[in-house]
>>> print(open('model_6.cif').read())   # mmCIF, C-alpha atoms
data_entry
#
loop_
_atom_site.group_PDB
_atom_site.id
_atom_site.type_symbol
_atom_site.label_atom_id
_atom_site.label_comp_id
_atom_site.auth_asym_id
_atom_site.auth_seq_id
_atom_site.Cartn_x
_atom_site.Cartn_y
_atom_site.Cartn_z
ATOM 1 C CA MET A 362 206.291 72.292 123.206
ATOM 2 C CA ALA A 363 207.317 69.295 125.261
ATOM 3 C CA SER A 364 211.024 68.612 125.316
ATOM 4 C CA ARG A 365 212.247 65.423 123.666
ATOM 5 C CA SER A 366 214.662 63.052 125.301
ATOM 6 C CA PRO A 367 217.874 61.956 123.507
ATOM 7 C CA ALA A 368 216.348 58.508 123.079
ATOM 8 C CA ASP A 369 213.693 59.975 120.823
ATOM 9 C CA HIS A 370 216.349 60.700 118.198
ATOM 10 C CA LEU A 371 217.482 57.079 118.009
ATOM 11 C CA PRO A 372 216.231 54.850 115.208
ATOM 12 C CA PRO A 373 213.580 52.271 116.084
ATOM 13 C CA PRO A 374 214.944 49.143 117.805
ATOM 14 C CA HIS A 375 214.455 46.873 114.796
ATOM 15 C CA SER A 376 216.770 49.065 112.686
ATOM 16 C CA ARG A 377 219.669 49.218 115.132
ATOM 17 C CA VAL A 378 222.777 47.216 114.304
ATOM 18 C CA THR A 379 223.798 45.169 117.315
ATOM 19 C CA PRO A 380 226.828 42.929 117.778
ATOM 20 C CA GLU A 381 224.733 40.310 119.494
ATOM 21 C CA GLY A 382 223.740 37.094 117.793
ATOM 22 C CA PRO A 383 224.446 33.396 118.065
ATOM 23 C CA ALA A 384 227.273 32.584 120.479
ATOM 24 C CA ALA A 385 229.253 31.063 117.604
ATOM 25 C CA TRP A 386 229.657 34.514 116.040
ATOM 26 C CA ARG A 387 231.531 35.753 119.115
ATOM 27 C CA SER A 388 233.493 32.597 119.868
ATOM 28 C CA GLY A 389 237.162 32.260 119.055
ATOM 29 C CA TRP A 390 236.447 28.561 118.503
ATOM 30 C CA ARG A 391 235.025 29.390 115.084
ATOM 31 C CA TRP A 392 238.559 29.791 113.756
ATOM 32 C CA ALA A 393 239.513 26.340 115.076
ATOM 33 C CA VAL A 394 236.491 24.879 113.287
ATOM 34 C CA LEU A 395 237.420 26.675 110.076
ATOM 35 C CA GLY A 396 241.046 25.582 110.417
ATOM 36 C CA SER A 397 240.060 21.944 110.885
ATOM 37 C CA PHE A 398 237.819 22.011 107.845
ATOM 38 C CA SER A 399 240.413 23.875 105.763
ATOM 39 C CA TYR A 400 242.984 21.190 106.563
ATOM 40 C CA LEU A 401 240.561 18.548 105.307
ATOM 41 C CA SER A 402 239.898 20.602 102.192
ATOM 42 C CA ALA A 403 243.589 21.190 101.439
ATOM 43 C CA SER A 404 244.735 17.638 102.111
ATOM 44 C CA ASN A 405 241.981 16.169 99.947
ATOM 45 C CA ALA A 406 242.930 18.392 97.003
ATOM 46 C CA PHE A 407 246.615 17.580 97.560
ATOM 47 C CA MET A 408 245.947 13.869 97.067
ATOM 48 C CA CYS A 409 244.068 14.619 93.870
ATOM 49 C CA MET A 410 247.452 15.348 92.278
ATOM 50 C CA ASP A 411 249.250 12.210 93.501
ATOM 51 C CA PHE A 412 249.433 10.445 90.147
ATOM 52 C CA SER A 413 249.195 13.459 87.855
ATOM 53 C CA ASP A 414 252.815 14.476 87.419
ATOM 54 C CA ASP A 415 255.501 11.897 86.574
ATOM 55 C CA TYR A 416 253.543 9.379 84.502
ATOM 56 C CA GLY A 417 256.592 7.265 83.749
ATOM 57 C CA LEU A 418 257.363 6.816 87.449
ATOM 58 C CA ASN A 419 253.730 6.125 88.326
ATOM 59 C CA GLU A 420 253.505 3.525 85.572
ATOM 60 C CA ARG A 421 256.456 1.690 87.134
ATOM 61 C CA LEU A 422 255.088 2.035 90.651
ATOM 62 C CA LEU A 423 251.639 0.702 89.753
ATOM 63 C CA ARG A 424 252.724 -1.604 86.930
ATOM 64 C CA SER A 425 250.151 -0.107 84.594
ATOM 65 C CA GLY A 426 249.930 1.907 81.404
ATOM 66 C CA GLU A 427 249.826 5.657 80.904
ATOM 67 C CA ALA A 428 246.075 5.670 80.197
ATOM 68 C CA ASP A 429 245.433 3.712 83.399
ATOM 69 C CA VAL A 430 247.424 6.204 85.454
ATOM 70 C CA ALA A 431 245.634 9.140 83.829
ATOM 71 C CA LEU A 432 242.304 7.518 84.677
ATOM 72 C CA LEU A 433 243.042 7.800 88.418
ATOM 73 C CA TYR A 434 242.706 11.597 88.313
ATOM 74 C CA SER A 435 239.441 11.355 86.375
ATOM 75 C CA LEU A 436 238.025 8.757 88.756
ATOM 76 C CA PHE A 437 238.775 11.056 91.684
ATOM 77 C CA LEU A 438 236.691 13.821 90.110
ATOM 78 C CA LEU A 439 233.939 11.644 88.623
ATOM 79 C CA SER A 440 233.269 9.850 91.913
ATOM 80 C CA VAL A 441 232.260 13.192 93.432
ATOM 81 C CA VAL A 442 229.169 13.456 91.216
ATOM 82 C CA PRO A 443 227.105 10.434 92.381
ATOM 83 C CA VAL A 444 227.989 11.032 96.044
ATOM 84 C CA MET A 445 227.174 14.741 96.069
ATOM 85 C CA PRO A 446 223.359 14.479 96.565
ATOM 86 C CA LEU A 447 223.840 12.242 99.601
ATOM 87 C CA ALA A 448 226.646 14.472 100.879
ATOM 88 C CA ALA A 449 224.485 17.584 100.519
ATOM 89 C CA TRP A 450 221.693 15.921 102.497
ATOM 90 C CA GLY A 451 224.105 14.742 105.209
ATOM 91 C CA VAL A 452 225.787 18.136 105.574
ATOM 92 C CA VAL A 453 222.400 19.705 106.346
ATOM 93 C CA ARG A 454 220.777 16.943 108.405
ATOM 94 C CA HIS A 455 223.726 15.298 110.171
ATOM 95 C CA HIS A 456 226.466 17.843 109.776
ATOM 96 C CA TRP A 457 229.122 16.721 112.252
ATOM 97 C CA SER A 458 228.728 13.015 111.475
ATOM 98 C CA THR A 459 228.970 13.682 107.744
ATOM 99 C CA VAL A 460 232.097 15.823 108.047
ATOM 100 C CA ALA A 461 233.673 13.299 110.427
ATOM 101 C CA PHE A 462 232.944 10.525 107.932
ATOM 102 C CA ALA A 463 234.590 12.618 105.199
ATOM 103 C CA ASN A 464 237.696 12.956 107.371
ATOM 104 C CA ALA A 465 237.734 9.185 107.878
ATOM 105 C CA LEU A 466 237.414 8.633 104.122
ATOM 106 C CA ASN A 467 240.238 11.082 103.516
ATOM 107 C CA VAL A 468 242.549 9.240 105.910
ATOM 108 C CA ALA A 469 241.585 5.877 104.425
ATOM 109 C CA GLY A 470 242.280 7.226 100.947
ATOM 110 C CA GLY A 471 245.723 8.431 101.999
ATOM 111 C CA TRP A 472 246.756 5.039 103.350
ATOM 112 C CA LEU A 473 245.261 3.202 100.380
ATOM 113 C CA ARG A 474 247.392 5.345 98.107
ATOM 114 C CA TYR A 475 250.472 4.482 100.145
ATOM 115 C CA LEU A 476 249.670 0.757 100.012
ATOM 116 C CA ALA A 477 249.070 1.049 96.279
ATOM 117 C CA VAL A 478 252.605 2.262 95.578
ATOM 118 C CA VAL A 479 254.226 -0.055 98.130
ATOM 119 C CA ARG A 480 252.476 -3.146 96.745
ATOM 120 C CA SER A 481 252.413 -1.932 93.132
ATOM 121 C CA SER A 482 248.635 -2.427 93.128
ATOM 122 C CA TYR A 483 246.657 -0.510 90.550
ATOM 123 C CA ALA A 484 243.412 -1.829 92.057
ATOM 124 C CA LEU A 485 244.232 -0.163 95.395
ATOM 125 C CA ALA A 486 245.032 3.054 93.562
ATOM 126 C CA VAL A 487 241.610 2.943 91.887
ATOM 127 C CA LEU A 488 239.917 2.266 95.221
ATOM 128 C CA SER A 489 241.806 5.151 96.834
ATOM 129 C CA SER A 490 240.605 7.562 94.128
ATOM 130 C CA LEU A 491 236.994 6.513 94.678
ATOM 131 C CA VAL A 492 237.317 6.882 98.463
ATOM 132 C CA CYS A 493 238.995 10.291 98.194
ATOM 133 C CA GLY A 494 236.304 11.389 95.750
ATOM 134 C CA GLY A 495 233.643 10.542 98.331
ATOM 135 C CA ALA A 496 235.406 12.784 100.842
ATOM 136 C CA ALA A 497 235.690 15.529 98.225
ATOM 137 C CA ALA A 498 231.914 15.484 97.718
ATOM 138 C CA VAL A 499 231.393 16.379 101.385
ATOM 139 C CA VAL A 500 234.078 19.074 101.203
ATOM 140 C CA VAL A 501 232.415 20.740 98.227
ATOM 141 C CA CYS A 502 229.022 20.712 99.950
ATOM 142 C CA SER A 503 230.423 22.147 103.200
ATOM 143 C CA PHE A 504 232.181 25.325 102.042
ATOM 144 C CA THR A 505 229.218 27.572 102.822
ATOM 145 C CA ALA A 506 227.777 25.399 105.602
ATOM 146 C CA VAL A 507 230.748 26.061 107.892
ATOM 147 C CA SER A 508 230.632 29.822 107.431
ATOM 148 C CA GLU A 509 226.828 29.912 107.792
ATOM 149 C CA ARG A 510 226.931 28.064 111.117
ATOM 150 C CA TRP A 511 229.885 29.846 112.732
ATOM 151 C CA PHE A 512 230.338 33.317 111.252
ATOM 152 C CA ARG A 513 228.271 36.481 111.258
ATOM 153 C CA PRO A 514 226.983 37.552 107.820
ATOM 154 C CA SER A 515 229.680 40.202 107.394
ATOM 155 C CA HIS A 516 232.424 37.558 107.865
ATOM 156 C CA ARG A 517 230.937 34.695 105.878
ATOM 157 C CA GLY A 518 232.509 35.782 102.619
ATOM 158 C CA LEU A 519 235.960 35.701 104.233
ATOM 159 C CA ALA A 520 235.346 32.338 105.918
ATOM 160 C CA THR A 521 234.068 30.753 102.711
ATOM 161 C CA SER A 522 237.019 32.164 100.751
ATOM 162 C CA ILE A 523 239.500 30.705 103.246
ATOM 163 C CA ALA A 524 237.888 27.273 102.985
ATOM 164 C CA VAL A 525 237.799 27.368 99.178
ATOM 165 C CA GLN A 526 241.302 28.792 98.784
ATOM 166 C CA SER A 527 242.711 26.128 101.105
ATOM 167 C CA ASN A 528 241.426 23.606 98.573
ATOM 168 C CA TYR A 529 243.247 25.397 95.765
ATOM 169 C CA LEU A 530 246.365 25.655 97.939
ATOM 170 C CA GLY A 531 246.385 21.899 98.466
ATOM 171 C CA TRP A 532 245.904 21.320 94.764
ATOM 172 C CA ALA A 533 248.766 23.704 93.935
ATOM 173 C CA LEU A 534 251.127 22.097 96.463
ATOM 174 C CA GLY A 535 250.182 18.685 95.093
ATOM 175 C CA SER A 536 251.617 19.697 91.742
ATOM 176 C CA LEU A 537 255.062 19.656 93.413
ATOM 177 C CA ILE A 538 254.861 15.946 94.254
ATOM 178 C CA GLY A 539 256.797 15.042 91.111
ATOM 179 C CA ALA A 540 259.649 17.328 92.108
ATOM 180 C CA ALA A 541 259.810 15.713 95.557
ATOM 181 C CA GLU A 542 259.904 12.219 94.043
ATOM 182 C CA ALA A 543 262.684 13.152 91.587
ATOM 183 C CA GLY A 544 261.828 10.167 89.399
ATOM 184 C CA GLU A 545 262.945 7.638 92.038
ATOM 185 C CA ALA A 546 260.630 4.861 93.177
ATOM 186 C CA GLU A 547 261.988 4.749 96.738
ATOM 187 C CA ARG A 548 261.586 8.492 97.178
ATOM 188 C CA ALA A 549 258.071 8.249 95.781
ATOM 189 C CA ARG A 550 257.141 5.579 98.330
ATOM 190 C CA ALA A 551 258.591 7.764 101.088
ATOM 191 C CA VAL A 552 256.564 10.757 99.856
ATOM 192 C CA PHE A 553 253.371 8.704 99.885
ATOM 193 C CA GLY A 554 254.196 7.437 103.366
ATOM 194 C CA TRP A 555 254.688 10.931 104.776
ATOM 195 C CA GLN A 556 251.557 12.029 102.962
ATOM 196 C CA ALA A 557 249.550 9.282 104.698
ATOM 197 C CA VAL A 558 250.919 10.380 108.074
ATOM 198 C CA ALA A 559 250.039 14.028 107.411
ATOM 199 C CA ILE A 560 246.558 13.101 106.163
ATOM 200 C CA SER A 561 245.995 11.092 109.347
ATOM 201 C CA CYS A 562 245.981 14.382 111.271
ATOM 202 C CA CYS A 563 242.527 15.014 109.802
ATOM 203 C CA LEU A 564 240.849 12.695 112.305
ATOM 204 C CA PRO A 565 242.239 14.172 115.574
ATOM 205 C CA LEU A 566 241.683 17.689 114.231
ATOM 206 C CA CYS A 567 238.069 16.831 113.507
ATOM 207 C CA LEU A 568 237.471 15.044 116.818
ATOM 208 C CA PHE A 569 239.047 17.743 119.000
ATOM 209 C CA LEU A 570 238.375 20.947 117.059
ATOM 210 C CA TYR A 571 235.443 20.536 114.708
ATOM 211 C CA ARG A 572 231.971 21.268 116.060
ATOM 212 C CA ASP A 573 228.562 21.259 114.439
ATOM 213 C CA ARG A 574 227.665 24.482 116.212
ATOM 214 C CA HIS A 575 228.472 26.338 119.431
ATOM 215 C CA ALA A 576 227.210 24.642 122.616
ATOM 216 C CA ALA A 577 225.231 27.754 123.573
ATOM 217 C CA ASP A 578 223.420 27.650 120.226
ATOM 218 C CA GLN A 579 222.283 24.036 120.401
ATOM 219 C CA GLN A 580 218.718 25.066 121.187
ATOM 220 C CA GLN A 581 218.561 27.546 118.323
ATOM 221 C CA PRO A 582 216.558 26.483 115.285
ATOM 222 C CA ASP A 583 218.554 25.008 112.430
ATOM 223 C CA THR A 584 217.913 27.532 109.677
ATOM 224 C CA ALA A 585 219.813 25.480 107.125
ATOM 225 C CA GLY A 586 217.708 22.431 107.892
ATOM 226 C CA ALA A 587 214.527 24.462 107.713
ATOM 227 C CA ALA A 588 215.551 25.938 104.383
ATOM 228 C CA ALA A 589 216.302 22.492 102.992
ATOM 229 C CA SER A 590 212.947 21.212 104.231
ATOM 230 C CA ASN A 591 211.113 24.143 102.631
ATOM 231 C CA ALA A 592 212.968 23.635 99.362
ATOM 232 C CA SER A 593 212.125 19.927 99.386
ATOM 233 C CA SER A 594 208.460 20.677 100.014
ATOM 234 C CA ALA A 595 208.424 23.227 97.210
ATOM 235 C CA LEU A 596 209.944 20.742 94.763
ATOM 236 C CA ARG A 597 207.432 18.049 95.699
ATOM 237 C CA SER A 598 204.614 20.523 95.280
ATOM 238 C CA LEU A 599 205.919 21.568 91.873
ATOM 239 C CA ALA A 600 206.360 17.961 90.750
ATOM 240 C CA SER A 601 202.764 17.100 91.663
ATOM 241 C CA ASN A 602 201.276 20.213 90.021
ATOM 242 C CA VAL A 603 199.755 18.495 86.984
ATOM 243 C CA PRO A 604 198.013 21.615 85.545
ATOM 244 C CA PHE A 605 201.327 23.491 85.546
ATOM 245 C CA TRP A 606 203.095 20.738 83.612
ATOM 246 C CA ARG A 607 200.223 20.475 81.139
ATOM 247 C CA ARG A 608 200.479 24.174 80.370
ATOM 248 C CA ALA A 609 204.299 23.935 80.182
ATOM 249 C CA VAL A 610 204.122 21.116 77.644
#
>>> encode(input="model_6.cif", output="structure tokens")
Amino acid sequence: MASRSPADHLPPPHSRVTPEGPAAWRSGWRWAVLGSFSYLSASNAFMCMDFSDDYGLNERLLRSGEADVALLYSLFLLSVVPVMPLAAWGVVRHHWSTVAFANALNVAGGWLRYLAVVRSSYALAVLSSLVCGGAAAVVVCSFTAVSERWFRPSHRGLATSIAVQSNYLGWALGSLIGAAEAGEAERARAVFGWQAVAISCCLPLCLFLYRDRHAADQQQPDTAGAAASNASSALRSLASNVPFWRRAV
């Protein structure tokens, strides 16, 4: 009987687990990308709580009623809904530009909130909630996109959890805004000013750290884009399938 070489005992090549893959999976830069996005996620959620604590103080700052102040939180959340379809499309088709635009919206929202309390302008506060809600729509649509582009499958759960939990962390820290303001208008204006400065860090972090994908992977096919295209084609095919709808009805 012919002797067998050690290689004969190995599993076939297609079943071997190899560490190789897209360059992004092996790059330390992936953590910088995740950190940049997590900062956007946390800061956006932090601002969601700006007017949700000391209603009496916020009424004086904005010269409005309690119901008007309460509406600012709702507007922040409700503005996410109409923007989300466009955000989902942009995250897949023009990922970096869409995330960069979200960072710009976040910064704009932070300064609009500061101007709102400095000028006692309820209209600016409303505008800031709408702008921040637009940024939030991109954040929500990007949680899995970042991990899918930069992390190997075994690490995507961790990466997605970090991005999502950073959002909750920002929201939780935002609940302490009332304690920092201590019911004083001047302290509240100072808090909003420092908040605007901190939020402004989103733009340099995005410009210098955030990347669509690793440079070595630029020529690789965009699986997310292909999946979106296939899903779109399937939906159009289903919508035009008249016999199916006749049977369904």
>>> closest_residue(input="model_6.cif", among="A:Leu423, A:Val552, A:Leu433, A:Cys563", to="Val492 (chain A)", atoms="all atoms listed in the file")
A:Leu433
>>> closest_residue(input="model_6.cif", among="A:Phe504, A:Trp392, A:Phe398, A:Tyr483", to="Glu427 (chain A)", atoms="all atoms listed in the file")
A:Tyr483
>>> resolve_selection(input="model_6.cif", expression="the PyMOL selection byres ((chain A and resi 404) around 12)", output="ChimeraX atom specification")
/A:397-403,405-411,463-464,466-468,470-471,493,496-497,500,524,527-535,556-564
>>> resolve_selection(input="model_6.cif", expression="the PyMOL selection byres ((chain A and resi 473) around 10)", output="number ranges by chain")
A: 467-472, 474-479, 482, 484-490, 492-493, 553, 557
>>> closest_residue(input="model_6.cif", among="A:Trp555, A:Glu547, A:Leu568, A:Val444", to="Gly494 (chain A)", atoms="all atoms listed in the file")
A:Val444
>>> atom_distance(input="model_6.cif", atom1="CA of Ala541 (chain A)", atom2="CA of Asp414 (chain A)")
10.8 Å
